[in-house]
>>> print(open('structure-v4.cif').read())   # mmCIF, C-alpha atoms and all ligand atoms; chains and numbers go by the auth columns
data_model
#
loop_
_atom_site.group_PDB
_atom_site.id
_atom_site.type_symbol
_atom_site.label_atom_id
_atom_site.label_comp_id
_atom_site.label_asym_id
_atom_site.label_seq_id
_atom_site.Cartn_x
_atom_site.Cartn_y
_atom_site.Cartn_z
_atom_site.B_iso_or_equiv
_atom_site.auth_seq_id
_atom_site.auth_asym_id
ATOM 1 C CA MET A 1 -36.736 -32.762 49.918 0.00 1 A
ATOM 2 C CA PRO A 2 -35.209 -29.304 49.902 0.00 2 A
ATOM 3 C CA GLN A 3 -31.635 -30.526 49.026 0.00 3 A
ATOM 4 C CA ILE A 4 -32.565 -31.730 45.540 0.00 4 A
ATOM 5 C CA PRO A 5 -33.577 -28.813 43.332 0.00 5 A
ATOM 6 C CA ASP A 6 -36.668 -29.057 41.271 0.00 6 A
ATOM 7 C CA LEU A 7 -36.173 -30.402 37.738 0.00 7 A
ATOM 8 C CA THR A 8 -38.151 -27.544 36.258 0.00 8 A
ATOM 9 C CA GLU A 9 -35.876 -25.119 38.132 0.00 9 A
ATOM 10 C CA ILE A 10 -32.772 -26.759 36.600 0.00 10 A
ATOM 11 C CA LEU A 11 -34.314 -26.652 33.204 0.00 11 A
ATOM 12 C CA ALA A 12 -35.208 -22.991 33.653 0.00 12 A
ATOM 13 C CA THR A 13 -31.616 -22.186 34.702 0.00 13 A
ATOM 14 C CA LEU A 14 -30.223 -24.144 31.770 0.00 14 A
ATOM 15 C CA GLY A 15 -32.612 -22.322 29.483 0.00 15 A
ATOM 16 C CA LEU A 16 -31.449 -18.999 30.881 0.00 16 A
ATOM 17 C CA VAL A 17 -27.780 -19.930 30.441 0.00 17 A
ATOM 18 C CA GLY A 18 -28.541 -21.087 26.912 0.00 18 A
ATOM 19 C CA GLN A 19 -30.273 -17.812 26.163 0.00 19 A
ATOM 20 C CA VAL A 20 -27.355 -15.779 27.493 0.00 20 A
ATOM 21 C CA LEU A 21 -24.918 -17.899 25.477 0.00 21 A
ATOM 22 C CA PHE A 22 -27.083 -17.452 22.400 0.00 22 A
ATOM 23 C CA TRP A 23 -27.129 -13.668 22.713 0.00 23 A
ATOM 24 C CA VAL A 24 -23.440 -13.406 23.526 0.00 24 A
ATOM 25 C CA THR A 25 -22.556 -15.601 20.542 0.00 25 A
ATOM 26 C CA GLY A 26 -25.000 -13.664 18.389 0.00 26 A
ATOM 27 C CA ALA A 27 -23.531 -10.340 19.459 0.00 27 A
ATOM 28 C CA TYR A 28 -20.032 -11.691 18.796 0.00 28 A
ATOM 29 C CA PHE A 29 -21.040 -12.786 15.293 0.00 29 A
ATOM 30 C CA VAL A 30 -22.632 -9.435 14.536 0.00 30 A
ATOM 31 C CA ALA A 31 -19.550 -7.600 15.796 0.00 31 A
ATOM 32 C CA PHE A 32 -17.310 -9.940 13.783 0.00 32 A
ATOM 33 C CA TRP A 33 -19.440 -9.437 10.676 0.00 33 A
ATOM 34 C CA PHE A 34 -19.547 -5.683 11.092 0.00 34 A
ATOM 35 C CA SER A 35 -15.814 -5.342 11.753 0.00 35 A
ATOM 36 C CA ILE A 36 -14.969 -7.377 8.636 0.00 36 A
ATOM 37 C CA ILE A 37 -17.136 -5.022 6.562 0.00 37 A
ATOM 38 C CA VAL A 38 -15.508 -1.950 8.129 0.00 38 A
ATOM 39 C CA TRP A 39 -12.006 -3.398 7.722 0.00 39 A
ATOM 40 C CA THR A 40 -12.636 -4.288 4.058 0.00 40 A
ATOM 41 C CA PHE A 41 -14.135 -0.878 3.338 0.00 41 A
ATOM 42 C CA ARG A 42 -11.094 0.862 4.853 0.00 42 A
ATOM 43 C CA ASP A 43 -8.673 -1.488 3.115 0.00 43 A
ATOM 44 C CA ILE A 44 -10.197 -1.040 -0.346 0.00 44 A
ATOM 45 C CA ARG A 45 -10.348 2.736 0.169 0.00 45 A
ATOM 46 C CA ALA A 46 -6.614 2.693 0.898 0.00 46 A
ATOM 47 C CA ARG A 47 -6.008 0.737 -2.308 0.00 47 A
ATOM 48 C CA SER A 48 -8.356 2.254 -4.863 0.00 48 A
ATOM 49 C CA ARG A 49 -9.914 5.631 -5.578 0.00 49 A
ATOM 50 C CA ASP A 50 -12.456 4.058 -7.922 0.00 50 A
ATOM 51 C CA LEU A 51 -15.922 4.109 -6.308 0.00 51 A
ATOM 52 C CA PHE A 52 -17.065 1.037 -8.249 0.00 52 A
ATOM 53 C CA THR A 53 -14.066 -0.989 -7.023 0.00 53 A
ATOM 54 C CA GLN A 54 -14.677 0.231 -3.468 0.00 54 A
ATOM 55 C CA ALA A 55 -18.355 -0.812 -3.628 0.00 55 A
ATOM 56 C CA LEU A 56 -17.514 -4.191 -5.182 0.00 56 A
ATOM 57 C CA GLY A 57 -14.841 -4.950 -2.569 0.00 57 A
ATOM 58 C CA THR A 58 -17.213 -4.105 0.279 0.00 58 A
ATOM 59 C CA LEU A 59 -20.086 -6.065 -1.320 0.00 59 A
ATOM 60 C CA LEU A 60 -17.933 -9.223 -1.295 0.00 60 A
ATOM 61 C CA VAL A 61 -17.932 -9.339 2.521 0.00 61 A
ATOM 62 C CA LEU A 62 -21.477 -8.044 3.015 0.00 62 A
ATOM 63 C CA PRO A 63 -23.225 -11.476 3.368 0.00 63 A
ATOM 64 C CA PRO A 64 -23.621 -12.677 6.989 0.00 64 A
ATOM 65 C CA PRO A 65 -21.054 -15.059 8.541 0.00 65 A
ATOM 66 C CA PRO A 66 -19.875 -17.581 7.597 0.00 66 A
ATOM 67 C CA LEU A 67 -20.650 -16.632 3.978 0.00 67 A
ATOM 68 C CA ASN A 68 -18.556 -13.465 4.246 0.00 68 A
ATOM 69 C CA LEU A 69 -15.406 -15.549 4.879 0.00 69 A
ATOM 70 C CA GLY A 70 -15.620 -16.783 1.280 0.00 70 A
ATOM 71 C CA GLY A 71 -16.005 -13.188 0.165 0.00 71 A
ATOM 72 C CA LEU A 72 -13.066 -12.178 2.315 0.00 72 A
ATOM 73 C CA ILE A 73 -10.843 -14.834 0.692 0.00 73 A
ATOM 74 C CA LEU A 74 -12.002 -13.629 -2.748 0.00 74 A
ATOM 75 C CA TYR A 75 -11.243 -10.075 -1.688 0.00 75 A
ATOM 76 C CA PHE A 76 -7.704 -11.014 -0.617 0.00 76 A
ATOM 77 C CA ILE A 77 -7.151 -12.613 -4.030 0.00 77 A
ATOM 78 C CA LEU A 78 -8.623 -9.776 -6.079 0.00 78 A
ATOM 79 C CA ARG A 79 -7.654 -6.640 -4.155 0.00 79 A
ATOM 80 C CA PRO A 80 -5.025 -4.299 -5.634 0.00 80 A
ATOM 81 C CA ARG A 81 -1.590 -5.444 -4.521 0.00 81 A
ATOM 82 C CA GLU A 82 -0.370 -2.017 -3.448 0.00 82 A
ATOM 83 C CA THR A 83 -2.017 0.627 -1.308 0.00 83 A
ATOM 84 C CA LEU A 84 -2.267 4.111 -2.764 0.00 84 A
ATOM 85 C CA ALA A 85 0.333 5.301 -0.239 0.00 85 A
ATOM 86 C CA GLU A 86 2.734 2.547 -1.307 0.00 86 A
ATOM 87 C CA MET A 87 2.117 3.387 -4.961 0.00 87 A
ATOM 88 C CA TYR A 88 2.804 7.064 -4.286 0.00 88 A
ATOM 89 C CA GLU A 89 5.985 6.202 -2.397 0.00 89 A
ATOM 90 C CA ARG A 90 7.161 3.964 -5.240 0.00 90 A
ATOM 91 C CA SER A 91 6.513 6.674 -7.841 0.00 91 A
ATOM 92 C CA LEU A 92 8.504 9.129 -5.707 0.00 92 A
ATOM 93 C CA GLU A 93 11.369 6.637 -5.478 0.00 93 A
ATOM 94 C CA GLU A 94 11.314 6.061 -9.231 0.00 94 A
ATOM 95 C CA GLU A 95 11.269 9.800 -9.844 0.00 95 A
ATOM 96 C CA ALA A 96 14.221 10.291 -7.490 0.00 96 A
ATOM 97 C CA LEU A 97 16.056 7.489 -9.272 0.00 97 A
ATOM 98 C CA LEU A 98 15.429 9.065 -12.678 0.00 98 A
ATOM 99 C CA GLN A 99 16.488 12.427 -11.285 0.00 99 A
ATOM 100 C CA GLY A 100 19.709 10.810 -10.085 0.00 100 A
ATOM 101 C CA ILE A 101 20.378 9.390 -13.537 0.00 101 A
ATOM 102 C CA GLU A 102 19.735 12.773 -15.133 0.00 102 A
ATOM 103 C CA ASP A 103 22.041 14.472 -12.649 0.00 103 A
ATOM 104 C CA VAL A 104 25.004 12.397 -13.765 0.00 104 A
ATOM 105 C CA ASP A 105 26.815 14.139 -16.610 0.00 105 A
ATOM 106 C CA VAL A 106 28.287 12.028 -19.349 0.00 106 A
ATOM 107 C CA CYS A 107 30.234 12.993 -22.448 0.00 107 A
ATOM 108 C CA PRO A 108 27.821 12.963 -25.417 0.00 108 A
ATOM 109 C CA ALA A 109 30.500 11.347 -27.573 0.00 109 A
ATOM 110 C CA CYS A 110 32.169 8.673 -25.430 0.00 110 A
ATOM 111 C CA LYS A 111 29.681 8.431 -22.492 0.00 111 A
ATOM 112 C CA GLN A 112 32.461 8.777 -19.919 0.00 112 A
ATOM 113 C CA LEU A 113 31.520 10.511 -16.664 0.00 113 A
ATOM 114 C CA ILE A 114 32.353 14.204 -16.728 0.00 114 A
ATOM 115 C CA GLU A 115 32.038 17.079 -14.307 0.00 115 A
ATOM 116 C CA PRO A 116 29.474 19.791 -15.154 0.00 116 A
ATOM 117 C CA ASP A 117 32.238 22.402 -15.443 0.00 117 A
ATOM 118 C CA TYR A 118 34.406 20.505 -17.913 0.00 118 A
ATOM 119 C CA VAL A 119 35.131 22.434 -21.101 0.00 119 A
ATOM 120 C CA ILE A 120 36.573 19.468 -22.961 0.00 120 A
ATOM 121 C CA CYS A 121 36.092 15.750 -22.385 0.00 121 A
ATOM 122 C CA PRO A 122 39.436 14.490 -21.000 0.00 122 A
ATOM 123 C CA ASN A 123 38.811 11.120 -22.621 0.00 123 A
ATOM 124 C CA CYS A 124 37.922 11.927 -26.245 0.00 124 A
ATOM 125 C CA TYR A 125 38.650 15.688 -26.422 0.00 125 A
ATOM 126 C CA THR A 126 35.103 16.542 -27.497 0.00 126 A
ATOM 127 C CA GLN A 127 34.312 20.153 -26.725 0.00 127 A
ATOM 128 C CA LEU A 128 31.571 20.212 -24.094 0.00 128 A
ATOM 129 C CA LYS A 129 31.303 23.877 -23.097 0.00 129 A
ATOM 130 C CA ARG A 130 32.972 27.136 -23.983 0.00 130 A
ATOM 131 C CA LYS A 131 33.939 30.161 -21.984 0.00 131 A
ATOM 132 C CA CYS A 132 32.184 33.444 -22.554 0.00 132 A
ATOM 133 C CA PRO A 133 34.752 35.813 -24.068 0.00 133 A
ATOM 134 C CA GLU A 134 33.231 38.676 -22.104 0.00 134 A
ATOM 135 C CA CYS A 135 32.748 37.351 -18.564 0.00 135 A
ATOM 136 C CA GLY A 136 34.516 34.005 -18.611 0.00 136 A
ATOM 137 C CA HIS A 137 31.500 31.997 -17.437 0.00 137 A
ATOM 138 C CA LEU A 138 31.002 28.547 -18.906 0.00 138 A
ATOM 139 C CA MET A 139 28.443 28.548 -21.702 0.00 139 A
ATOM 140 C CA ASP A 140 26.453 25.762 -23.249 0.00 140 A
ATOM 141 C CA LEU A 141 27.593 25.178 -26.838 0.00 141 A
ATOM 142 C CA ALA A 142 24.038 25.777 -28.076 0.00 142 A
ATOM 143 C CA TRP A 143 23.768 29.229 -26.505 0.00 143 A
ATOM 144 C CA ASN A 144 23.900 32.210 -28.834 0.00 144 A
ATOM 145 C CA VAL A 145 23.917 34.638 -25.960 0.00 145 A
ATOM 146 C CA CYS A 146 25.782 34.335 -22.673 0.00 146 A
ATOM 147 C CA ALA A 147 23.248 33.683 -19.933 0.00 147 A
ATOM 148 C CA TYR A 148 25.463 35.396 -17.348 0.00 148 A
ATOM 149 C CA CYS A 149 26.402 38.699 -18.999 0.00 149 A
ATOM 150 C CA GLY A 150 24.108 38.872 -22.034 0.00 150 A
ATOM 151 C CA SER A 151 27.034 39.147 -24.420 0.00 151 A
ATOM 152 C CA GLN A 152 26.244 38.197 -28.007 0.00 152 A
ATOM 153 C CA ALA A 153 29.911 37.969 -28.932 0.00 153 A
ATOM 154 C CA ALA A 154 29.710 34.209 -28.719 0.00 154 A
ATOM 155 C CA GLN A 155 27.366 33.946 -31.690 0.00 155 A
ATOM 156 C CA GLN A 156 30.222 32.822 -33.905 0.00 156 A
ATOM 157 C CA PRO A 157 30.995 29.178 -33.090 0.00 157 A
ATOM 158 C CA LEU A 158 34.517 29.938 -31.914 0.00 158 A
ATOM 159 C CA PRO A 159 36.649 27.575 -29.827 0.00 159 A
ATOM 160 C CA THR A 160 37.018 28.547 -26.183 0.00 160 A
ATOM 161 C CA SER A 161 40.189 30.619 -26.067 0.00 161 A
ATOM 162 C CA ARG A 162 40.370 31.910 -29.659 0.00 162 A
ATOM 163 C CA PRO A 163 39.022 35.446 -29.014 0.00 163 A
ATOM 164 C CA ARG A 164 41.604 36.066 -26.294 0.00 164 A
ATOM 165 C CA GLU A 165 44.478 34.833 -28.429 0.00 165 A
ATOM 166 C CA VAL A 166 43.330 37.093 -31.248 0.00 166 A
ATOM 167 C CA THR A 167 43.219 40.108 -28.974 0.00 167 A
ATOM 168 C CA LEU A 168 46.634 39.218 -27.571 0.00 168 A
ATOM 169 C CA GLU A 169 48.098 38.910 -31.086 0.00 169 A
ATOM 170 C CA GLU A 170 46.461 42.172 -32.069 0.00 170 A
ATOM 171 C CA ASP A 171 47.975 43.733 -28.947 0.00 171 A
ATOM 172 C CA ARG A 172 51.406 42.429 -29.950 0.00 172 A
ATOM 173 C CA GLU A 173 50.973 43.737 -33.492 0.00 173 A
ATOM 174 C CA ALA A 174 49.908 47.072 -32.159 0.00 174 A
ATOM 175 C CA GLN A 175 52.971 47.283 -29.939 0.00 175 A
HETATM 176 ZN ZN ZN B . 34.296 12.078 -24.370 0.00 201 A
HETATM 177 ZN ZN ZN B . 29.289 36.231 -20.465 0.00 202 A
#
>>> encode(input="structure-v4.cif", output="structure tokens")
Amino acid sequence: MPQIPDLTEILATLGLVGQVLFWVTGAYFVAFWFSIIVWTFRDIRARSRDLFTQALGTLLVLPPPPLNLGGLILYFILRPRETLAEMYERSLEEEALLQGIEDVDVCPACKQLIEPDYVICPNCYTQLKRKCPECGHLMDLAWNVCAYCGSQAAQQPLPTSRPREVTLEEDREAQ
């Protein structure tokens, strides 16, 4: 009876199919296993510079499937929350924020916002800067020497316009 195939032939075919399925599944598992290890290794390297942490993170997913799934869950729980790039970005943002705060000038006495070229606080009349009697540039009150012209005339803690008034009065007296 040539229409009905031999039982041994069927069994052989089934065995062959089973073998192929076995190898395909096996290859899939190995690829799955390997890619989880590679992914974890890359992920932990992006999150930590510490070699011990990197080794520990990778070791968690090193056991063969399905054991590595438990390790993977553990890894997700224990891994550093931020990547190094995210951490760097956040530190830059914080720095920029601090810079922004420092850039805002406030009156040391009343904390009102002032412009950097104010001589006197318009709110509480605290003297903030003074003008160099030589070149007229604004000088910090703490300066003993004008940073713009090198004049040491400002060493006496004189109010802004006093030297000019004095010279004007002297001029009038002289006339
Ligand atoms: Zn003020
Ligand atoms: Zn000056």
>>> residues_near_ligand(input="structure-v4.cif", ligand="ligand ZN 201 (chain A)", cutoff="9 Å", atoms="only C-alpha atoms and all ligand atoms", output="PyMOL selection string")
chain A and resi 106-114+120-128
>>> write_last_selection(input="structure-v4.cif", atoms="C-alpha atoms", output="CSV table (one decimal), keeping the file's coordinate frame")
chain,number,residue,atom,x,y,z
A,106,VAL,CA,28.3,12.0,-19.3
A,107,CYS,CA,30.2,13.0,-22.4
A,108,PRO,CA,27.8,13.0,-25.4
A,109,ALA,CA,30.5,11.3,-27.6
A,110,CYS,CA,32.2,8.7,-25.4
A,111,LYS,CA,29.7,8.4,-22.5
A,112,GLN,CA,32.5,8.8,-19.9
A,113,LEU,CA,31.5,10.5,-16.7
A,114,ILE,CA,32.4,14.2,-16.7
A,120,ILE,CA,36.6,19.5,-23.0
A,121,CYS,CA,36.1,15.8,-22.4
A,122,PRO,CA,39.4,14.5,-21.0
A,123,ASN,CA,38.8,11.1,-22.6
A,124,CYS,CA,37.9,11.9,-26.2
A,125,TYR,CA,38.6,15.7,-26.4
A,126,THR,CA,35.1,16.5,-27.5
A,127,GLN,CA,34.3,20.2,-26.7
A,128,LEU,CA,31.6,20.2,-24.1
>>> residues_near_ligand(input="structure-v4.cif", ligand="ligand ZN 202 (chain A)", cutoff="6 Å", atoms="only C-alpha atoms and all ligand atoms", output="count of residues only")
9
>>> closest_residue(input="structure-v4.cif", among="A:Glu86, A:Glu115, A:Glu94, A:Glu9", to="Arg47 (chain A)", atoms="all atoms listed in the file")
A:Glu86
>>> atom_distance(input="structure-v4.cif", atom1="CA of Thr8 (chain A)", atom2="CA of Thr25 (chain A)")
25.2 Å
>>> atom_distance(input="structure-v4.cif", atom1="CA of Gly26 (chain A)", atom2="CA of Gly71 (chain A)")
20.3 Å
>>> residues_around(input="structure-v4.cif", residues="Arg81 (chain A)", least_positions_apart="3", cutoff="12 Å", atoms="only C-alpha atoms", output="ChimeraX atom specification")
/A:43-44,46-48,75-78,84-87
>>> atom_distance(input="structure-v4.cif", atom1="CA of Pro66 (chain A)", atom2="CA of Arg45 (chain A)")
23.6 Å
>>> closest_residue(input="structure-v4.cif", among="A:Gly57, A:Leu141, A:Gly18, A:Gln99", to="Ile73 (chain A)", atoms="all atoms listed in the file")
A:Gly57
>>> closest_residue(input="structure-v4.cif", among="A:Val17, A:Leu7, A:Val38, A:Val145", to="Pro133 (chain A)", atoms="all atoms listed in the file")
A:Val145
>>> axis_aligned_box(input="structure-v4.cif", around="region 99-108 of chain A", padding_each_side="3 Å", output="lines of an AutoDock Vina configuration file")
center_x = 23.4
center_y = 11.9
center_z = -17.8
size_x = 19.7
size_y = 11.1
size_z = 21.3
>>> closest_residue(input="structure-v4.cif", among="A:Thr53, A:Ala12, A:Leu60, A:Asn68", to="Val30 (chain A)", atoms="all atoms listed in the file")
A:Asn68
